[in-house]
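Engineer: Handing over input_2.txt, compact mmCIF, N, CA and C atoms.
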```txt
# COMPACT_ATOMS: atom_id res chain seq x y z
N MET A 1 5.80 6.06 10.53
CA MET A 1 5.42 6.77 9.31
C MET A 1 6.57 7.67 8.91
N GLU A 2 7.03 7.52 7.70
CA GLU A 2 8.08 8.38 7.16
C GLU A 2 7.43 9.39 6.23
N ASN A 3 7.62 10.66 6.52
CA ASN A 3 7.01 11.75 5.75
C ASN A 3 8.11 12.67 5.21
N PRO A 4 8.42 12.60 3.92
CA PRO A 4 9.50 13.43 3.38
C PRO A 4 9.05 14.84 2.99
N TYR A 5 7.79 15.19 3.28
CA TYR A 5 7.26 16.47 2.81
C TYR A 5 6.91 17.40 3.97
N GLU A 6 7.22 18.66 3.76
CA GLU A 6 6.74 19.70 4.66
C GLU A 6 5.27 19.98 4.35
N ASN A 7 4.95 19.93 3.04
CA ASN A 7 3.57 20.13 2.60
C ASN A 7 3.40 19.43 1.26
N LEU A 8 2.40 18.54 1.20
CA LEU A 8 2.03 17.88 -0.04
C LEU A 8 0.50 17.90 -0.10
N THR A 9 -0.04 18.61 -1.06
CA THR A 9 -1.48 18.69 -1.24
C THR A 9 -1.83 18.04 -2.56
N ILE A 10 -2.64 16.98 -2.48
CA ILE A 10 -3.01 16.22 -3.67
C ILE A 10 -4.52 16.10 -3.77
N ASP A 11 -4.98 15.92 -5.00
CA ASP A 11 -6.40 15.70 -5.27
C ASP A 11 -6.61 14.20 -5.37
N ILE A 12 -7.25 13.61 -4.33
CA ILE A 12 -7.39 12.16 -4.27
C ILE A 12 -8.61 11.81 -3.42
N ASP A 13 -9.12 10.61 -3.58
CA ASP A 13 -10.25 10.11 -2.79
C ASP A 13 -9.71 9.71 -1.41
N SER A 14 -9.65 10.66 -0.50
CA SER A 14 -9.00 10.42 0.79
C SER A 14 -9.75 9.40 1.65
N LEU A 15 -11.06 9.32 1.54
CA LEU A 15 -11.84 8.37 2.33
C LEU A 15 -11.48 6.93 1.95
N ASN A 16 -11.54 6.61 0.66
CA ASN A 16 -11.21 5.25 0.23
C ASN A 16 -9.73 4.95 0.43
N LEU A 17 -8.87 5.94 0.21
CA LEU A 17 -7.45 5.73 0.44
C LEU A 17 -7.20 5.44 1.92
N GLY A 18 -7.88 6.16 2.79
CA GLY A 18 -7.75 5.92 4.24
C GLY A 18 -8.16 4.51 4.61
N HIS A 19 -9.26 4.03 4.03
CA HIS A 19 -9.70 2.65 4.28
C HIS A 19 -8.64 1.65 3.82
N ALA A 20 -8.09 1.87 2.63
CA ALA A 20 -7.09 0.96 2.07
C ALA A 20 -5.84 0.92 2.96
N ILE A 21 -5.34 2.08 3.34
CA ILE A 21 -4.14 2.13 4.19
C ILE A 21 -4.43 1.50 5.55
N GLY A 22 -5.59 1.81 6.11
CA GLY A 22 -5.96 1.24 7.40
C GLY A 22 -6.01 -0.27 7.38
N GLN A 23 -6.57 -0.85 6.32
CA GLN A 23 -6.66 -2.30 6.20
C GLN A 23 -5.28 -2.93 6.08
N ILE A 24 -4.43 -2.35 5.26
CA ILE A 24 -3.08 -2.91 5.08
C ILE A 24 -2.28 -2.78 6.37
N ALA A 25 -2.36 -1.64 7.04
CA ALA A 25 -1.63 -1.44 8.29
C ALA A 25 -2.13 -2.40 9.37
N ALA A 26 -3.45 -2.62 9.43
CA ALA A 26 -4.01 -3.56 10.41
C ALA A 26 -3.52 -4.98 10.14
N ASN A 27 -3.49 -5.38 8.86
CA ASN A 27 -2.96 -6.71 8.52
C ASN A 27 -1.50 -6.83 8.93
N ALA A 28 -0.73 -5.80 8.63
CA ALA A 28 0.70 -5.82 8.96
C ALA A 28 0.89 -5.94 10.47
N ALA A 29 0.14 -5.16 11.25
CA ALA A 29 0.26 -5.20 12.71
C ALA A 29 -0.16 -6.57 13.25
N GLN A 30 -1.20 -7.14 12.68
CA GLN A 30 -1.72 -8.43 13.13
C GLN A 30 -0.70 -9.55 12.93
N HIS A 31 0.09 -9.45 11.86
CA HIS A 31 1.02 -10.52 11.53
C HIS A 31 2.47 -10.20 11.89
N THR A 32 2.66 -9.13 12.68
CA THR A 32 4.01 -8.77 13.14
C THR A 32 4.03 -8.86 14.65
N LYS A 33 4.55 -9.96 15.15
CA LYS A 33 4.61 -10.18 16.60
C LYS A 33 5.75 -9.39 17.25
N SER A 34 6.83 -9.20 16.50
CA SER A 34 7.93 -8.36 16.98
C SER A 34 8.53 -7.68 15.76
N GLY A 35 9.18 -6.58 15.99
CA GLY A 35 9.77 -5.83 14.88
C GLY A 35 8.97 -4.56 14.61
N VAL A 36 8.85 -4.19 13.34
CA VAL A 36 8.24 -2.91 12.99
C VAL A 36 7.25 -3.03 11.84
N VAL A 37 6.35 -2.07 11.80
CA VAL A 37 5.50 -1.81 10.65
C VAL A 37 5.81 -0.37 10.25
N ARG A 38 6.19 -0.16 9.01
CA ARG A 38 6.61 1.17 8.56
C ARG A 38 5.81 1.56 7.32
N ALA A 39 5.36 2.80 7.30
CA ALA A 39 4.65 3.34 6.14
C ALA A 39 5.44 4.52 5.59
N ARG A 40 5.51 4.59 4.26
CA ARG A 40 6.21 5.69 3.58
C ARG A 40 5.38 6.10 2.38
N TYR A 41 5.63 7.31 1.90
CA TYR A 41 4.97 7.71 0.67
C TYR A 41 5.84 8.69 -0.08
N GLU A 42 5.65 8.70 -1.39
CA GLU A 42 6.35 9.62 -2.29
C GLU A 42 5.38 10.02 -3.39
N TYR A 43 5.55 11.22 -3.88
CA TYR A 43 4.80 11.68 -5.05
C TYR A 43 5.81 11.73 -6.19
N ILE A 44 5.63 10.83 -7.16
CA ILE A 44 6.58 10.71 -8.27
C ILE A 44 5.79 10.56 -9.56
N GLY A 45 6.11 11.39 -10.53
CA GLY A 45 5.50 11.25 -11.85
C GLY A 45 3.99 11.25 -11.84
N ARG A 46 3.39 12.17 -11.14
CA ARG A 46 1.93 12.29 -11.03
C ARG A 46 1.27 11.07 -10.42
N ARG A 47 2.02 10.39 -9.55
CA ARG A 47 1.47 9.25 -8.82
C ARG A 47 1.88 9.33 -7.36
N LEU A 48 0.94 8.99 -6.50
CA LEU A 48 1.25 8.82 -5.08
C LEU A 48 1.61 7.35 -4.89
N ILE A 49 2.79 7.10 -4.36
CA ILE A 49 3.25 5.74 -4.12
C ILE A 49 3.41 5.56 -2.62
N ILE A 50 2.62 4.65 -2.08
CA ILE A 50 2.62 4.38 -0.65
C ILE A 50 3.16 2.97 -0.47
N SER A 51 4.07 2.81 0.48
CA SER A 51 4.53 1.46 0.82
C SER A 51 4.35 1.24 2.31
N ILE A 52 3.86 0.07 2.63
CA ILE A 52 3.71 -0.34 4.02
C ILE A 52 4.43 -1.67 4.14
N ASP A 53 5.48 -1.68 4.96
CA ASP A 53 6.22 -2.92 5.10
C ASP A 53 6.32 -3.32 6.56
N ASP A 54 6.48 -4.61 6.77
CA ASP A 54 6.57 -5.13 8.13
C ASP A 54 7.65 -6.19 8.21
N THR A 55 8.02 -6.51 9.44
CA THR A 55 9.00 -7.56 9.70
C THR A 55 8.30 -8.79 10.25
N GLY A 56 7.06 -8.98 9.85
CA GLY A 56 6.23 -10.07 10.36
C GLY A 56 6.52 -11.41 9.73
N GLU A 57 5.50 -12.27 9.79
CA GLU A 57 5.66 -13.66 9.38
C GLU A 57 5.74 -13.87 7.88
N GLY A 58 5.33 -12.90 7.09
CA GLY A 58 5.38 -13.06 5.64
C GLY A 58 4.29 -13.99 5.14
N MET A 59 4.25 -14.18 3.83
CA MET A 59 3.24 -15.05 3.22
C MET A 59 3.92 -16.16 2.43
N PRO A 60 3.33 -17.36 2.47
CA PRO A 60 3.86 -18.43 1.62
C PRO A 60 3.72 -18.04 0.15
N HIS A 61 4.58 -18.60 -0.68
CA HIS A 61 4.63 -18.26 -2.10
C HIS A 61 3.28 -18.45 -2.80
N ASP A 62 2.56 -19.54 -2.49
CA ASP A 62 1.29 -19.80 -3.16
C ASP A 62 0.23 -18.75 -2.79
N VAL A 63 0.22 -18.32 -1.54
CA VAL A 63 -0.74 -17.28 -1.11
C VAL A 63 -0.38 -15.96 -1.78
N LEU A 64 0.91 -15.65 -1.83
CA LEU A 64 1.36 -14.41 -2.47
C LEU A 64 0.97 -14.39 -3.94
N GLU A 65 1.15 -15.51 -4.64
CA GLU A 65 0.76 -15.58 -6.04
C GLU A 65 -0.73 -15.33 -6.21
N ARG A 66 -1.53 -15.91 -5.34
CA ARG A 66 -2.97 -15.70 -5.40
C ARG A 66 -3.34 -14.24 -5.16
N MET A 67 -2.67 -13.59 -4.22
CA MET A 67 -2.95 -12.19 -3.90
C MET A 67 -2.55 -11.27 -5.06
N ASN A 68 -1.46 -11.61 -5.75
CA ASN A 68 -0.98 -10.78 -6.86
C ASN A 68 -1.68 -11.07 -8.18
N ASP A 69 -2.47 -12.14 -8.24
CA ASP A 69 -3.16 -12.52 -9.47
C ASP A 69 -4.36 -11.61 -9.68
N ARG A 70 -4.25 -10.67 -10.61
CA ARG A 70 -5.33 -9.70 -10.85
C ARG A 70 -6.60 -10.36 -11.39
N ASP A 71 -6.46 -11.51 -12.04
CA ASP A 71 -7.62 -12.18 -12.63
C ASP A 71 -8.24 -13.21 -11.69
N ASN A 72 -7.68 -13.39 -10.50
CA ASN A 72 -8.18 -14.39 -9.57
C ASN A 72 -9.42 -13.91 -8.86
N THR A 73 -10.57 -14.39 -9.27
CA THR A 73 -11.82 -13.99 -8.63
C THR A 73 -12.05 -14.72 -7.32
N ASN A 74 -11.26 -15.76 -7.05
CA ASN A 74 -11.41 -16.50 -5.80
C ASN A 74 -10.64 -15.88 -4.65
N ALA A 75 -9.85 -14.83 -4.90
CA ALA A 75 -9.08 -14.22 -3.82
C ALA A 75 -9.99 -13.74 -2.70
N SER A 76 -11.15 -13.22 -3.06
CA SER A 76 -12.06 -12.73 -2.03
C SER A 76 -12.77 -13.87 -1.31
N GLN A 77 -12.69 -15.11 -1.85
CA GLN A 77 -13.28 -16.27 -1.19
C GLN A 77 -12.43 -16.72 0.00
N ASP A 78 -11.15 -16.46 -0.05
CA ASP A 78 -10.22 -16.83 1.01
C ASP A 78 -10.30 -15.78 2.10
N THR A 79 -10.80 -16.17 3.28
CA THR A 79 -11.01 -15.17 4.34
C THR A 79 -9.71 -14.54 4.79
N LYS A 80 -8.58 -15.25 4.65
CA LYS A 80 -7.30 -14.66 5.03
C LYS A 80 -6.96 -13.48 4.11
N GLY A 81 -7.42 -13.53 2.85
CA GLY A 81 -7.11 -12.47 1.91
C GLY A 81 -8.27 -11.52 1.66
N LEU A 82 -9.36 -11.66 2.42
CA LEU A 82 -10.54 -10.85 2.17
C LEU A 82 -10.27 -9.36 2.31
N GLY A 83 -9.58 -8.95 3.38
CA GLY A 83 -9.28 -7.53 3.56
C GLY A 83 -8.43 -6.98 2.44
N LEU A 84 -7.48 -7.78 1.98
CA LEU A 84 -6.62 -7.35 0.87
C LEU A 84 -7.41 -7.29 -0.43
N ALA A 85 -8.32 -8.23 -0.63
CA ALA A 85 -9.15 -8.20 -1.85
C ALA A 85 -10.01 -6.94 -1.88
N ILE A 86 -10.57 -6.57 -0.74
CA ILE A 86 -11.37 -5.34 -0.65
C ILE A 86 -10.49 -4.12 -0.89
N THR A 87 -9.30 -4.13 -0.30
CA THR A 87 -8.35 -3.03 -0.50
C THR A 87 -7.99 -2.88 -1.97
N LYS A 88 -7.70 -4.00 -2.63
CA LYS A 88 -7.34 -3.95 -4.05
C LYS A 88 -8.50 -3.39 -4.87
N GLU A 89 -9.73 -3.76 -4.52
CA GLU A 89 -10.89 -3.25 -5.24
C GLU A 89 -11.04 -1.73 -5.05
N LEU A 90 -10.84 -1.25 -3.82
CA LEU A 90 -10.91 0.20 -3.57
C LEU A 90 -9.88 0.95 -4.39
N VAL A 91 -8.65 0.44 -4.39
CA VAL A 91 -7.56 1.09 -5.12
C VAL A 91 -7.82 1.03 -6.63
N THR A 92 -8.33 -0.09 -7.11
CA THR A 92 -8.66 -0.22 -8.53
C THR A 92 -9.73 0.80 -8.93
N GLN A 93 -10.71 1.01 -8.08
CA GLN A 93 -11.75 1.99 -8.37
C GLN A 93 -11.19 3.41 -8.44
N MET A 94 -10.02 3.64 -7.84
CA MET A 94 -9.35 4.94 -7.92
C MET A 94 -8.32 4.96 -9.05
N ASP A 95 -8.39 3.97 -9.96
CA ASP A 95 -7.47 3.82 -11.08
C ASP A 95 -6.04 3.53 -10.65
N GLY A 96 -5.89 2.93 -9.48
CA GLY A 96 -4.56 2.61 -8.97
C GLY A 96 -4.28 1.12 -9.00
N THR A 97 -3.12 0.75 -8.48
CA THR A 97 -2.72 -0.64 -8.42
C THR A 97 -2.15 -0.95 -7.03
N VAL A 98 -2.20 -2.23 -6.69
CA VAL A 98 -1.61 -2.73 -5.45
C VAL A 98 -0.66 -3.86 -5.84
N GLU A 99 0.55 -3.80 -5.30
CA GLU A 99 1.52 -4.87 -5.52
C GLU A 99 2.03 -5.33 -4.17
N ILE A 100 2.30 -6.63 -4.07
CA ILE A 100 2.73 -7.21 -2.81
C ILE A 100 4.00 -8.01 -3.04
N SER A 101 4.96 -7.82 -2.15
CA SER A 101 6.13 -8.69 -2.14
C SER A 101 6.27 -9.21 -0.71
N SER A 102 6.63 -10.48 -0.60
CA SER A 102 6.70 -11.08 0.73
C SER A 102 7.64 -12.27 0.71
N GLU A 103 8.24 -12.50 1.85
CA GLU A 103 9.08 -13.67 2.03
C GLU A 103 8.69 -14.30 3.35
N LEU A 104 8.36 -15.56 3.32
CA LEU A 104 7.95 -16.28 4.51
C LEU A 104 9.01 -16.14 5.60
N GLY A 105 8.62 -15.66 6.76
CA GLY A 105 9.52 -15.49 7.88
C GLY A 105 10.26 -14.16 7.90
N SER A 106 10.12 -13.36 6.83
CA SER A 106 10.88 -12.10 6.75
C SER A 106 10.02 -10.86 6.57
N GLY A 107 8.72 -11.02 6.41
CA GLY A 107 7.86 -9.84 6.30
C GLY A 107 7.27 -9.65 4.93
N THR A 108 6.50 -8.57 4.83
CA THR A 108 5.74 -8.26 3.64
C THR A 108 5.82 -6.77 3.35
N THR A 109 5.81 -6.41 2.08
CA THR A 109 5.71 -5.01 1.66
C THR A 109 4.55 -4.91 0.69
N VAL A 110 3.66 -3.95 0.94
CA VAL A 110 2.53 -3.69 0.06
C VAL A 110 2.71 -2.30 -0.51
N TYR A 111 2.61 -2.19 -1.83
CA TYR A 111 2.71 -0.91 -2.52
C TYR A 111 1.35 -0.54 -3.07
N ILE A 112 0.94 0.69 -2.83
CA ILE A 112 -0.26 1.26 -3.44
C ILE A 112 0.22 2.38 -4.34
N MET A 113 -0.18 2.34 -5.61
CA MET A 113 0.21 3.37 -6.57
C MET A 113 -1.05 3.98 -7.15
N LEU A 114 -1.21 5.29 -6.97
CA LEU A 114 -2.42 5.98 -7.41
C LEU A 114 -2.09 7.20 -8.24
N PRO A 115 -2.74 7.33 -9.41
CA PRO A 115 -2.57 8.56 -10.18
C PRO A 115 -3.28 9.70 -9.45
N CYS A 116 -2.65 10.85 -9.42
CA CYS A 116 -3.28 12.00 -8.78
C CYS A 116 -2.53 13.27 -9.18
N HIS A 117 -3.13 14.39 -8.87
CA HIS A 117 -2.52 15.69 -9.18
C HIS A 117 -2.13 16.37 -7.87
N ALA A 118 -0.91 16.86 -7.81
CA ALA A 118 -0.44 17.61 -6.64
C ALA A 118 -0.50 19.09 -6.94
N SER A 119 -1.14 19.83 -6.06
CA SER A 119 -1.19 21.29 -6.24
C SER A 119 -0.09 21.98 -5.44
N ILE A 120 0.41 21.33 -4.37
CA ILE A 120 1.51 21.87 -3.58
C ILE A 120 2.47 20.73 -3.28
N ILE A 121 3.75 20.95 -3.58
CA ILE A 121 4.78 19.98 -3.26
C ILE A 121 5.94 20.74 -2.61
N LYS A 122 6.14 20.52 -1.33
CA LYS A 122 7.26 21.15 -0.64
C LYS A 122 7.92 20.10 0.24
N ARG A 123 9.10 19.69 -0.20
CA ARG A 123 9.86 18.66 0.55
C ARG A 123 10.52 19.26 1.77
N LYS A 124 10.74 18.40 2.77
CA LYS A 124 11.51 18.82 3.93
C LYS A 124 12.95 19.00 3.51
N LYS A 125 13.63 19.90 4.17
CA LYS A 125 15.04 20.11 3.89
C LYS A 125 15.85 18.95 4.45
N GLN A 126 16.79 18.46 3.64
CA GLN A 126 17.65 17.37 4.05
C GLN A 126 18.70 17.89 5.02
N MET A 127 18.95 17.13 6.04
CA MET A 127 19.95 17.54 7.05
C MET A 127 21.29 16.99 6.70
```
Show the structure stored in the file as structure tokens.
Structural biologist:
Amino acid sequence: MENPYENLTIDIDSLNLGHAIGQIAANAAQHTKSGVVRARYEYIGRRLIISIDDTGEGMPHDVLERMNDRDNTNASQDTKGLGLAITKELVTQMDGTVEISSELGSGTTVYIMLPCHASIIKRKKQM
């Protein structure tokens, strides 16, 4: 986990966000036999941007297209994508978006972008 903040206080649905992050991290860990799973976040332009990337097996292009297709109602029918479909629905209910980039054999990165208000923003000092 990379945390660039000494203190960041935001107004957000932490329970649903926790479920979404947990699901994505679990998927990343499940499909990463060696290497790393890394999570980062930034608060930019009144949005919390979370990225979770791994060095795992990645997704074939056709599966990735299905996962990124916002109008695909069959995504939740595919059990391999069920957790991601649920995650996307949770994030959508928070007025956010989920984007996925992946390369077969090289890993996957999932971005969660959520509008929110920060009441405290204090970055760590750069060394």
Engineer: Return the single residue from A:Val91, A:Ala85, A:Met67, A:Val36 that is closest to Asp54 of chain A, with distances computed using all atoms listed in the file.
Structural biologist: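 Closest to Asp54 of chain A of all the choices is A:Val36.
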Engineer: For each of A:Ile100, A:Ala28, A:Ile49, A:Ile44, take the minimum atom-to-atom distance to Arg66 of chain A, counting only C-alpha atoms, then give the residue where this is smallest.
Structural biologist: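 With only C-alpha atoms as the atom set, the closest residue is A:Ile100.
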Engineer: Could you state the separation of atom CA of Arg47 of chain A and atom CA of Leu8 of chain A in Å, given to one decimal place?
Structural biologist: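 Interatomic distance, atom CA of Arg47 of chain A to atom CA of Leu8 of chain A: 12.3 Å.
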Engineer: Using the chain letters and numbers from this document, which residues of chain A does DSSP assign to strand (DSSP E or B), as a ChimeraX atom specification?
Structural biologist: /A:2,5-11,37-44,47-54,97-103,107-115,117-123
Engineer: Tell me, which residues of segment 1-116 of chain A carry DSSP helix (DSSP H, G or I), written as a PyMOL selection string?
Structural biologist: chain A and resi 14-30+61-68+75-77+79-93
Engineer: Excluding Ile52 of chain A and residues on its chain fewer than 4 positions from it, collect all residues at most 7 Å away from it, counting only N, CA and C atoms, and give them as a list in words.
Structural biologist: Ile24, Ala25, Val37, Arg38, Ala39, Arg40, Thr108, Thr109, Val110, Tyr111 and Ile112 of chain A
Engineer: Give me the residues near segment 16-18 of chain A as an mmCIF file with N, CA and C atoms, in the frame of the given file, where near means some atom within 9 Å (using only C-alpha atoms) and where sequence neighbours in that chain fewer than 6 positions away do not count.
Structural biologist:
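What landed in out.cif:
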```cif
data_model
loop_
_atom_site.group_PDB
_atom_site.id
_atom_site.type_symbol
_atom_site.label_atom_id
_atom_site.label_comp_id
_atom_site.auth_asym_id
_atom_site.auth_seq_id
_atom_site.Cartn_x
_atom_site.Cartn_y
_atom_site.Cartn_z
ATOM 1 N N THR A 87 -9.300 -4.130 -0.300
ATOM 2 C CA THR A 87 -8.350 -3.030 -0.500
ATOM 3 C C THR A 87 -7.990 -2.880 -1.970
ATOM 4 N N LEU A 90 -10.840 -1.250 -3.820
ATOM 5 C CA LEU A 90 -10.910 0.200 -3.570
ATOM 6 C C LEU A 90 -9.880 0.950 -4.390
ATOM 7 N N VAL A 91 -8.650 0.440 -4.390
ATOM 8 C CA VAL A 91 -7.560 1.090 -5.120
ATOM 9 C C VAL A 91 -7.820 1.030 -6.630
ATOM 10 N N MET A 94 -10.020 3.640 -7.840
ATOM 11 C CA MET A 94 -9.350 4.940 -7.920
ATOM 12 C C MET A 94 -8.320 4.960 -9.050
#
```
Engineer: What is the distance between atom C of Leu84 of chain A and atom N of His61 of chain A, in Å to one decimal?
Structural biologist: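 Separation of atom C of Leu84 of chain A and atom N of His61 of chain A: 16.5 Å.
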Engineer: Quick one: of A:Pro4, A:Gly35, A:Gly45, A:Gly105, who's nearest to Lys125 of chain A, counting only N, CA and C atoms?
Structural biologist: A:Pro4
Engineer: Considering all atoms listed in the file, return as a ChimeraX atom specification whatever protein or nucleic-acid residues lie within 6 Å of Tyr41 of chain A, sequence-local ones (same chain, fewer than 3 positions apart) excluded.
Structural biologist: /A:2,49-51
Engineer: If we count only C-alpha atoms and set the cut-off at 8 Å, which residues sit around Ser106 of chain A, ignoring sequence neighbours fewer than 3 positions away in its own chain? Please answer as a count of residues only.
Structural biologist: 6
Engineer: Work out how far apart atom CA of Ser34 of chain A and atom CA of Pro60 of chain A are and give it in Å to one decimal.
Structural biologist: 18.8 Å
Engineer: Taking all atoms listed in the file into account, which of A:Met127, A:Ile121, A:Met113, A:Leu64 comes nearest Leu48 of chain A?
Structural biologist: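 Smallest distance to Leu48 of chain A is found for A:Met113.
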Engineer: Set the distance at 7 Å and use only C-alpha atoms: which residues neighbour Asp95 of chain A once local chain neighbours fewer than 2 positions away are removed? I'd like the list as a compact mmCIF listing (two decimals) with N, CA and C atoms, in the coordinates of the input.
Structural biologist:
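File produced: selection.txt:
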```txt
# COMPACT_ATOMS: atom_id res chain seq x y z
N VAL A 91 -8.65 0.44 -4.39
CA VAL A 91 -7.56 1.09 -5.12
C VAL A 91 -7.82 1.03 -6.63
N THR A 92 -8.33 -0.09 -7.11
CA THR A 92 -8.66 -0.22 -8.53
C THR A 92 -9.73 0.80 -8.93
N GLN A 93 -10.71 1.01 -8.08
CA GLN A 93 -11.75 1.99 -8.37
C GLN A 93 -11.19 3.41 -8.44
N LEU A 114 -1.21 5.29 -6.97
CA LEU A 114 -2.42 5.98 -7.41
C LEU A 114 -2.09 7.20 -8.24
N PRO A 115 -2.74 7.33 -9.41
CA PRO A 115 -2.57 8.56 -10.18
C PRO A 115 -3.28 9.70 -9.45
```
Engineer: Which residue gives the smallest distance to Ala29 of chain A among A:Ile86, A:Asp53, A:Met59, A:Met1, with only C-alpha atoms counted?
Structural biologist: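 Under the stated criterion, the closest residue is A:Asp53.
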